[in-house]
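> upload.cif (mmCIF, C-alpha atoms and all ligand atoms) pasted underneath:
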data_data
#
loop_
_atom_site.label_atom_id
_atom_site.label_comp_id
_atom_site.auth_asym_id
_atom_site.auth_seq_id
_atom_site.Cartn_x
_atom_site.Cartn_y
_atom_site.Cartn_z
CA MET A 177 0.00 0.00 0.00
CA ASP A 178 2.93 2.32 0.71
CA VAL A 179 4.17 1.86 -2.81
CA LEU A 180 0.78 2.91 -4.18
CA PHE A 181 0.80 5.99 -1.95
CA HIS A 182 4.22 6.98 -3.28
CA ALA A 183 3.19 6.27 -6.88
CA ASN A 184 0.76 9.13 -6.53
CA PRO A 185 0.87 11.63 -8.27
CA SER A 186 3.94 10.81 -10.37
CA ILE A 187 2.55 7.59 -11.88
CA LEU A 188 -1.06 6.92 -10.88
CA GLY A 189 -3.46 8.64 -13.24
CA THR A 190 -0.78 9.41 -15.83
CA SER A 191 -0.56 8.19 -19.42
CA HIS A 192 0.54 4.59 -19.85
CA ARG A 193 2.37 5.60 -23.02
CA GLN A 194 4.79 7.91 -21.17
CA ALA A 195 8.08 7.00 -19.55
CA PRO A 196 7.06 6.71 -15.86
CA VAL A 197 4.51 3.95 -16.52
CA ARG A 198 6.55 2.35 -19.30
CA ASP A 199 9.47 2.15 -16.88
CA VAL A 200 7.28 0.18 -14.47
CA VAL A 201 6.32 -2.22 -17.28
CA ALA A 202 9.99 -2.60 -18.26
CA SER A 203 10.86 -3.30 -14.64
CA ILE A 204 8.14 -6.00 -14.44
CA LYS A 205 9.54 -7.60 -17.59
CA ASP A 206 13.09 -7.59 -16.21
CA GLY A 207 11.92 -8.82 -12.82
CA LEU A 208 9.95 -11.72 -14.32
CA SER A 209 12.87 -12.61 -16.59
CA ASP A 210 15.08 -12.98 -13.51
CA PHE A 211 12.44 -14.67 -11.40
CA PHE A 212 11.61 -17.34 -14.00
CA SER A 213 15.18 -17.57 -15.45
CA LEU A 214 13.81 -17.02 -18.96
CA PRO A 215 15.41 -19.20 -21.62
CA ASP A 216 16.88 -17.44 -24.69
CA GLY A 217 14.29 -15.99 -27.02
CA TYR A 218 11.39 -16.13 -24.54
CA GLU A 219 9.47 -12.87 -24.05
CA VAL A 220 7.02 -11.40 -21.54
CA VAL A 221 3.77 -10.23 -23.13
CA PHE A 222 0.92 -8.30 -21.49
CA GLY A 223 -2.72 -7.67 -22.30
CA ASN A 224 -5.87 -6.52 -20.55
CA GLY A 225 -8.61 -8.87 -19.43
CA GLY A 226 -6.86 -11.37 -17.17
CA ALA A 227 -6.14 -15.04 -17.88
CA SER A 228 -9.76 -15.45 -19.06
CA ALA A 229 -9.00 -13.09 -21.94
CA PHE A 230 -5.80 -14.99 -22.72
CA TRP A 231 -7.88 -18.13 -23.37
CA ASP A 232 -9.58 -16.24 -26.19
CA VAL A 233 -6.25 -14.83 -27.42
CA ALA A 234 -4.99 -18.42 -27.57
CA CYS A 235 -8.11 -19.63 -29.42
CA SER A 236 -7.74 -16.74 -31.86
CA CYS A 237 -3.99 -16.80 -32.45
CA LEU A 238 -2.23 -19.85 -31.00
CA ILE A 239 -4.43 -22.85 -31.77
CA GLU A 240 -4.09 -23.74 -35.42
CA ASP A 241 -6.89 -26.30 -35.49
CA THR A 242 -7.05 -28.79 -32.61
CA ALA A 243 -6.15 -28.47 -28.93
CA ALA A 244 -5.81 -31.32 -26.44
CA TYR A 245 -6.72 -30.43 -22.86
CA GLY A 246 -6.15 -31.85 -19.41
CA VAL A 247 -9.27 -30.95 -17.41
CA PHE A 248 -9.66 -31.65 -13.68
CA GLY A 249 -11.52 -28.59 -12.44
CA GLU A 250 -13.43 -25.46 -13.40
CA PHE A 251 -10.62 -23.38 -14.87
CA GLY A 252 -9.13 -26.05 -17.12
CA GLY A 253 -12.69 -26.72 -18.31
CA LYS A 254 -13.32 -23.07 -19.12
CA PHE A 255 -10.42 -22.87 -21.59
CA ALA A 256 -11.55 -26.12 -23.26
CA THR A 257 -15.06 -24.64 -23.62
CA GLU A 258 -13.66 -21.55 -25.37
CA ALA A 259 -11.96 -23.79 -27.95
CA LYS A 260 -15.16 -25.81 -28.34
CA ILE A 261 -17.27 -22.76 -29.21
CA ALA A 262 -14.70 -21.12 -31.54
CA PRO A 263 -16.30 -21.73 -34.97
CA PHE A 264 -12.97 -21.92 -36.82
CA LEU A 265 -11.39 -24.61 -34.56
CA SER A 266 -12.00 -28.35 -34.59
CA GLU A 267 -13.59 -29.99 -31.58
CA PRO A 268 -10.97 -30.03 -28.80
CA VAL A 269 -9.84 -33.36 -27.37
CA VAL A 270 -10.49 -33.39 -23.64
CA PHE A 271 -8.80 -35.74 -21.17
CA ASP A 272 -10.62 -35.31 -17.90
CA SER A 273 -10.59 -36.77 -14.42
CA PRO A 274 -12.63 -36.30 -11.24
CA TYR A 275 -12.12 -33.11 -9.26
CA GLY A 276 -9.48 -33.61 -6.59
CA THR A 277 -7.20 -35.52 -8.99
CA THR A 278 -5.07 -34.31 -11.91
CA ARG A 279 -5.06 -35.27 -15.58
CA LEU A 280 -2.65 -34.35 -18.34
CA PRO A 281 -3.58 -34.55 -22.01
CA GLU A 282 -2.17 -37.52 -23.92
CA LEU A 283 -0.30 -37.39 -27.21
CA THR A 284 -3.08 -36.87 -29.75
CA PRO A 285 -2.90 -37.14 -33.53
CA ASP A 286 -3.49 -33.71 -35.11
CA ALA A 287 -3.26 -31.77 -31.83
CA ASP A 288 -1.26 -28.59 -32.38
CA VAL A 289 -1.70 -27.33 -28.80
CA TYR A 290 -1.58 -29.10 -25.41
CA ALA A 291 -3.04 -27.19 -22.48
CA TRP A 292 -3.70 -27.69 -18.80
CA PRO A 293 -3.57 -25.69 -15.56
CA HIS A 294 -0.42 -25.82 -13.45
CA ASN A 295 -2.65 -25.43 -10.41
CA GLU A 296 -6.41 -25.95 -10.50
CA THR A 297 -7.60 -23.19 -8.18
CA SER A 298 -11.09 -24.64 -7.88
CA THR A 299 -9.87 -27.87 -6.26
CA GLY A 300 -6.32 -27.38 -4.98
CA ALA A 301 -4.78 -30.01 -7.28
CA ALA A 302 -1.45 -29.22 -8.93
CA THR A 303 0.59 -30.72 -11.78
CA HIS A 304 4.26 -30.92 -12.65
CA ILE A 305 5.07 -29.03 -15.82
CA GLU A 306 6.70 -31.15 -18.47
CA ARG A 307 5.85 -31.26 -22.16
CA ILE A 308 3.81 -34.26 -23.27
CA PRO A 309 6.49 -36.56 -24.76
CA GLY A 310 6.43 -36.34 -28.55
CA SER A 311 4.34 -33.14 -28.65
CA LYS A 312 7.18 -30.75 -29.38
CA GLU A 313 8.58 -33.06 -32.05
CA ALA A 314 5.14 -33.03 -33.67
CA GLY A 315 5.28 -29.22 -33.78
CA ALA A 316 2.67 -28.68 -31.04
CA LEU A 317 2.72 -25.87 -28.48
CA THR A 318 2.30 -26.31 -24.72
CA LEU A 319 0.14 -23.62 -23.07
CA ILE A 320 0.08 -23.69 -19.28
CA ASP A 321 -2.38 -21.75 -17.13
CA GLY A 322 -0.19 -20.57 -14.28
CA THR A 323 -2.75 -18.18 -12.81
CA SER A 324 -2.69 -19.49 -9.25
CA ALA A 325 0.64 -21.34 -9.56
CA ALA A 326 3.00 -18.74 -11.02
CA GLY A 327 5.29 -17.50 -8.28
CA GLY A 328 4.33 -20.25 -5.83
CA LEU A 329 5.06 -23.55 -7.59
CA PRO A 330 8.26 -24.65 -9.33
CA VAL A 331 8.32 -24.37 -13.10
CA ASP A 332 10.85 -24.85 -15.87
CA ILE A 333 9.70 -22.34 -18.46
CA SER A 334 11.49 -24.19 -21.26
CA GLN A 335 8.83 -26.91 -20.90
CA THR A 336 6.16 -24.42 -22.00
CA ASP A 337 5.40 -22.21 -25.00
CA ALA A 338 3.10 -19.92 -23.08
CA TYR A 339 3.06 -19.80 -19.29
CA TYR A 340 0.29 -17.31 -18.62
CA PHE A 341 -1.30 -15.91 -15.50
CA SER A 342 -3.16 -13.03 -13.89
CA PRO A 343 -1.36 -10.95 -11.24
CA GLN A 344 -3.85 -11.17 -8.36
CA LYS A 345 -2.49 -14.32 -6.71
CA ALA A 346 1.21 -14.95 -5.97
CA PHE A 347 2.04 -11.61 -7.58
CA GLY A 348 0.09 -9.86 -4.84
CA SER A 349 -1.57 -7.39 -7.17
CA ASP A 350 -5.07 -6.66 -8.45
CA GLY A 351 -6.69 -8.43 -11.39
CA GLY A 352 -7.45 -7.25 -14.89
CA LEU A 353 -4.20 -8.04 -16.68
CA TRP A 354 -2.83 -11.17 -18.38
CA ILE A 355 0.87 -11.84 -18.51
CA ALA A 356 2.25 -14.56 -20.78
CA ILE A 357 5.81 -15.78 -20.97
CA VAL A 358 6.09 -17.02 -24.52
CA SER A 359 8.55 -19.03 -26.58
CA PRO A 360 9.82 -18.20 -30.07
CA ALA A 361 7.66 -21.09 -31.36
CA ALA A 362 4.50 -19.47 -29.92
CA ILE A 363 5.44 -16.13 -31.50
CA GLU A 364 6.02 -17.81 -34.85
CA ARG A 365 2.70 -19.69 -34.63
CA ALA A 366 0.74 -16.50 -33.90
CA GLU A 367 2.47 -14.66 -36.75
CA LYS A 368 1.42 -17.34 -39.21
CA ILE A 369 -2.18 -17.60 -37.97
CA GLU A 370 -2.62 -13.81 -37.96
CA LYS A 371 -1.10 -13.44 -41.40
CA ASP A 372 -3.43 -16.09 -42.83
CA ALA A 373 -6.42 -14.44 -41.14
CA ALA A 374 -5.47 -11.00 -42.47
CA SER A 375 -5.22 -12.33 -46.01
CA GLY A 376 -8.72 -13.79 -45.68
CA ASN A 377 -7.45 -17.31 -46.35
CA SER A 378 -8.44 -18.94 -43.09
CA GLY A 379 -11.97 -17.64 -42.54
CA ARG A 380 -10.88 -16.59 -39.08
CA TRP A 381 -11.76 -13.20 -37.59
CA ILE A 382 -9.25 -11.98 -35.01
CA PRO A 383 -10.56 -8.97 -33.07
CA THR A 384 -7.69 -6.55 -32.42
CA PHE A 385 -8.23 -6.88 -28.67
CA LEU A 386 -7.51 -10.63 -28.98
CA SER A 387 -4.57 -10.28 -31.34
CA PHE A 388 -1.44 -11.83 -29.87
CA GLY A 389 0.70 -9.89 -32.36
CA THR A 390 -0.81 -6.59 -31.23
CA ALA A 391 -0.13 -7.49 -27.59
CA LEU A 392 3.42 -8.53 -28.44
CA ARG A 393 4.22 -5.33 -30.39
CA ASN A 394 2.90 -3.19 -27.54
CA SER A 395 4.70 -5.22 -24.88
CA ARG A 396 7.97 -4.80 -26.74
CA LYS A 397 7.42 -1.04 -26.31
CA ASN A 398 6.58 -1.56 -22.62
CA GLN A 399 2.92 -0.77 -23.21
CA THR A 400 -0.41 -2.51 -23.53
CA TYR A 401 -2.74 -2.20 -26.54
CA ASN A 402 -5.33 -0.35 -24.48
CA THR A 403 -5.24 1.41 -21.13
CA PRO A 404 -4.23 -0.84 -18.21
CA ALA A 405 -4.99 -0.33 -14.50
CA ILE A 406 -1.80 1.41 -13.45
CA ALA A 407 -2.19 0.49 -9.77
CA THR A 408 -2.11 -3.18 -10.86
CA LEU A 409 1.24 -2.62 -12.57
CA VAL A 410 2.69 -0.71 -9.62
CA LEU A 411 1.65 -3.40 -7.12
CA MET A 412 2.93 -6.21 -9.30
CA ASN A 413 6.28 -4.55 -9.82
CA GLU A 414 6.73 -4.15 -6.08
CA GLN A 415 5.80 -7.77 -5.40
CA ILE A 416 8.25 -9.12 -8.03
CA ASP A 417 10.96 -6.96 -6.53
CA TRP A 418 10.14 -8.30 -3.06
CA LEU A 419 10.17 -11.91 -4.31
CA ASN A 420 13.48 -11.46 -6.12
CA ARG A 421 15.11 -9.70 -3.15
CA ASN A 422 14.13 -12.61 -0.91
CA GLY A 423 15.59 -15.30 -3.14
CA GLY A 424 13.30 -15.60 -6.16
CA LEU A 425 11.29 -18.61 -7.26
CA ASP A 426 13.25 -21.06 -5.13
CA TRP A 427 12.52 -19.03 -1.98
CA SER A 428 8.86 -18.46 -2.76
CA THR A 429 8.14 -22.10 -3.65
CA LYS A 430 9.75 -23.29 -0.40
CA ARG A 431 7.73 -20.73 1.57
CA CYS A 432 4.46 -21.92 -0.01
CA GLU A 433 5.47 -25.55 0.54
CA LYS A 434 5.98 -24.85 4.23
CA SER A 435 2.59 -23.13 4.61
CA ALA A 436 0.77 -25.88 2.72
CA ALA A 437 2.51 -28.62 4.73
CA THR A 438 1.32 -26.97 7.95
CA LEU A 439 -2.29 -27.24 6.76
CA TYR A 440 -2.08 -30.77 5.34
CA THR A 441 -0.32 -32.09 8.45
CA TRP A 442 -2.78 -30.36 10.74
CA ALA A 443 -5.77 -31.70 8.76
CA GLU A 444 -4.43 -35.25 8.80
CA SER A 445 -4.26 -35.21 12.58
CA SER A 446 -7.56 -33.37 13.03
CA ASP A 447 -10.81 -35.20 13.83
CA PHE A 448 -12.89 -33.05 11.46
CA ALA A 449 -10.72 -32.06 8.46
CA THR A 450 -9.09 -34.14 5.70
CA PRO A 451 -7.20 -33.07 2.58
CA PHE A 452 -9.62 -33.12 -0.39
CA VAL A 453 -6.83 -34.17 -2.77
CA THR A 454 -6.06 -37.69 -1.61
CA ASN A 455 -2.87 -38.32 -3.60
CA PRO A 456 -0.09 -36.33 -1.87
CA ASP A 457 1.69 -35.91 -5.26
CA ASP A 458 -1.32 -33.98 -6.60
CA ARG A 459 -1.68 -31.69 -3.59
CA SER A 460 -1.17 -28.01 -4.25
CA ASN A 461 1.24 -25.89 -2.24
CA VAL A 462 -0.66 -22.70 -3.06
CA VAL A 463 -4.35 -23.61 -2.70
CA VAL A 464 -5.25 -26.08 0.04
CA SER A 465 -8.72 -27.65 -0.01
CA LEU A 466 -9.88 -29.45 3.12
CA ASP A 467 -13.02 -31.55 3.41
CA ILE A 468 -14.94 -31.02 6.62
CA ASP A 469 -16.67 -33.83 8.49
CA ASP A 470 -20.46 -34.02 7.96
CA SER A 471 -21.09 -33.40 11.64
CA LEU A 472 -20.07 -29.77 10.95
CA VAL A 473 -21.16 -27.24 8.33
CA ALA A 474 -18.11 -25.71 6.64
CA SER A 475 -19.96 -22.45 5.93
CA ASP A 476 -20.50 -22.03 9.71
CA ILE A 477 -16.72 -22.26 10.19
CA VAL A 478 -16.19 -19.79 7.34
CA ALA A 479 -18.73 -17.41 8.92
CA GLY A 480 -17.11 -17.75 12.37
CA LEU A 481 -13.70 -16.96 10.93
CA ARG A 482 -15.07 -14.01 8.95
CA GLU A 483 -16.67 -12.56 12.12
CA ASN A 484 -13.16 -12.46 13.50
CA GLY A 485 -11.59 -10.83 10.47
CA ILE A 486 -10.31 -14.02 8.78
CA VAL A 487 -11.82 -13.99 5.29
CA ASP A 488 -12.04 -16.07 2.12
CA THR A 489 -11.72 -19.58 3.46
CA PHE A 490 -14.73 -20.90 1.52
CA ALA A 491 -14.74 -23.70 -1.08
CA TYR A 492 -15.00 -22.96 -4.78
CA ARG A 493 -18.66 -22.06 -5.32
CA LYS A 494 -19.44 -24.65 -7.99
CA LEU A 495 -17.78 -27.52 -6.16
CA ASN A 496 -20.67 -27.81 -3.69
CA ARG A 497 -18.61 -29.51 -1.05
CA ASN A 498 -18.49 -29.21 2.72
CA GLN A 499 -15.04 -27.75 2.44
CA LEU A 500 -12.57 -25.01 3.35
CA ARG A 501 -10.16 -23.69 0.71
CA ILE A 502 -7.17 -21.68 1.81
CA GLY A 503 -4.76 -19.68 -0.35
CA VAL A 504 -1.16 -19.90 0.85
CA PHE A 505 0.53 -17.64 -1.69
CA PRO A 506 4.00 -16.21 -0.95
CA SER A 507 2.58 -13.05 0.67
CA VAL A 508 1.05 -15.20 3.42
CA GLU A 509 3.33 -15.56 6.43
CA PRO A 510 3.82 -19.28 7.21
CA GLU A 511 3.38 -18.43 10.90
CA ASP A 512 -0.04 -16.92 10.12
CA VAL A 513 -1.01 -20.24 8.56
CA ARG A 514 -0.12 -21.99 11.79
CA ALA A 515 -2.19 -19.40 13.68
CA LEU A 516 -5.08 -20.07 11.29
CA THR A 517 -5.18 -23.74 12.29
CA VAL A 518 -5.53 -22.68 15.93
CA CYS A 519 -8.34 -20.29 14.95
CA ILE A 520 -10.16 -23.02 13.02
CA ASP A 521 -9.83 -25.43 15.97
CA GLU A 522 -11.21 -22.76 18.29
CA THR A 523 -14.10 -21.93 15.93
CA VAL A 524 -15.02 -25.62 15.72
CA ALA A 525 -14.82 -25.98 19.50
CA GLN A 526 -17.29 -23.06 19.82
CA LEU A 527 -19.61 -24.57 17.18
CA ARG A 528 -19.60 -27.93 18.97
CA LYS A 529 -20.65 -26.41 22.29
C1 LIG A 601 -6.35 -21.30 -12.74
C2 LIG A 601 -7.09 -20.06 -13.14
N1 LIG A 601 -7.18 -19.76 -14.44
C3 LIG A 601 -7.81 -18.65 -14.87
C4 LIG A 601 -8.42 -17.79 -13.99
C5 LIG A 601 -9.11 -16.58 -14.50
O1 LIG A 601 -8.38 -15.44 -14.12
P1 LIG A 601 -9.03 -14.00 -14.31
O2 LIG A 601 -10.24 -13.96 -13.41
O3 LIG A 601 -7.96 -13.06 -13.86
O4 LIG A 601 -9.38 -13.86 -15.74
C6 LIG A 601 -8.37 -18.06 -12.61
C7 LIG A 601 -9.00 -17.16 -11.65
O5 LIG A 601 -8.98 -17.36 -10.46
C8 LIG A 601 -7.68 -19.22 -12.19
O6 LIG A 601 -7.58 -19.51 -10.88
#
Let's see the structure in the file written out as structure tokens.


Amino acid sequence: MDVLFHANPSILGTSHRQAPVRDVVASIKDGLSDFFSLPDGYEVVFGNGGASAFWDVACSCLIEDTAAYGVFGEFGGKFATEAKIAPFLSEPVVFDSPYGTTRLPELTPDADVYAWPHNETSTGAATHIERIPGSKEAGALTLIDGTSAAGGLPVDISQTDAYYFSPQKAFGSDGGLWIAIVSPAAIERAEKIEKDAASGNSGRWIPTFLSFGTALRNSRKNQTYNTPAIATLVLMNEQIDWLNRNGGLDWSTKRCEKSAATLYTWAESSDFATPFVTNPDDRSNVVVSLDIDDSLVASDIVAGLRENGIVDTFAYRKLNRNQLRIGVFPSVEPEDVRALTVCIDETVAQLRK
């Protein structure tokens, strides 16, 4: 909040095409390049609209014809739905599994894109990021939704062609922006698709707002195509700086691991909570979902915590489970997570009286 206060009036409310704001964008690009140890040729691209908008950018400019998806929750499913309704794409191939597990797409004839979430925020299940064997050799791109994972879970960017996310989770900012770290192969793919569309050969309409090339050209000038929320940029820049000063991705992933382990260990020894994700290999270190015993109503616990100033512990709305879901992003102090377990125990003790 201090950084926002000091950004006023020199940056907040000023033109995003002038040096003060462009310097912030340049600093975010440099900071992310360090944080994710960007391989040669990879670039950081920005656009407005959050990760949800990036799904449509990908449908417009990165999927040539057929995408194969790993779907194990709401967010992975939403991207697959966008590809399904795009009239110029073939029916996507969906590999799905029950919520609380993970599922990667399998090598699929004709697939030119493979996509899945690094962390499924709706369930608290996380994957390891490695290209599907044979997919790169077949010329396919790997697009990973890192929205709730980026900054909190380990990733080797060279295993992806677009690692995209919104800044409101581990990057401690507000929403409204998408950030994609993209490979030369992704850039080349978008150039080809956009060129074909412009010449009228492909029957594809690419709205300028969804044009990857437009986003890339603006990002190279440290701008966005249209006006961004400047406070979002200022907050994100500060958070990246803080993460890098503390030790970067290695530090932040260990910090999240510690917080998550506190919750999983506590739940396993509790008489009313159990980790929703049963396979420990699939458990997320950034979003922890805990099933609550039927003798209690999770929303009563959530309400009790909220009355005491502890907010947003509820399950994903469409999951319809008697569950708590807790974000343990890098900004969260691991000691506060320990304190939270004591608060939950106390709330349950009060409810049982
Ligand atoms: C994994 C994942 N993907 C995509 C999104 C959509 O992000 P946004 O709301 O910023 O568009 C979210 C939002 O929480 C998410 O958790």

> Write out as a PyMOL selection string each polymer residue (protein, DNA or RNA) that has an atom no more than 7 Å from ligand LIG 601 (chain A), with all atoms listed in the file counted.

chain A and resi 225-229+251+293+295-298+321-324+342+351-353

> Please provide as a list in words all residues within 12 Å of A:Met177, with the sequence filter that same-chain residues fewer than 6 positions apart are discarded (counting all atoms listed in the file).

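Final neighbour list, sorted by chain and number: Ala183, Asn184, Gly348, Ser349, Asp350, Ala407, Thr408, Val410, Leu411, Met412, Glu414 and Gln415 of chain A.
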
> Rank A:Leu495, A:Ala366, A:Leu409, A:Ala326 by their smallest atom-to-atom distance to A:Val462, using all atoms listed in the file, and report the top residue only.

A:Ala326

> Using only C-alpha atoms for the distances, tell me which of A:Phe230, A:Glu250, A:Arg421, A:Tyr245 is nearest to A:Arg493.

A:Glu250

> Could you give me, as a list in words, the residues within 8 Å of A:Ser236, counting all atoms listed in the file and dropping anything in the same chain fewer than 2 positions from it?

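So, after excluding close chain neighbours, the residues are Asp232, Val233, Ala234, Leu238, Ile239, Arg380, Trp381, Ile382, Leu386 and Ser387 of chain A.
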
> Calculated over all atoms listed in the file, which of the candidates A:Ala356, A:Val331, A:Ala244, A:Cys432 has the smallest distance to A:Thr284?

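For A:Thr284, the nearest of the given residues is A:Ala244.
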
> Scan for residues within 10 Å of the point (14.2, -24.1, -22.7) in the coordinates of the file, using only C-alpha atoms, and reply as an MDAnalysis selection string.

chainID A and resid 213:218 332:337 359
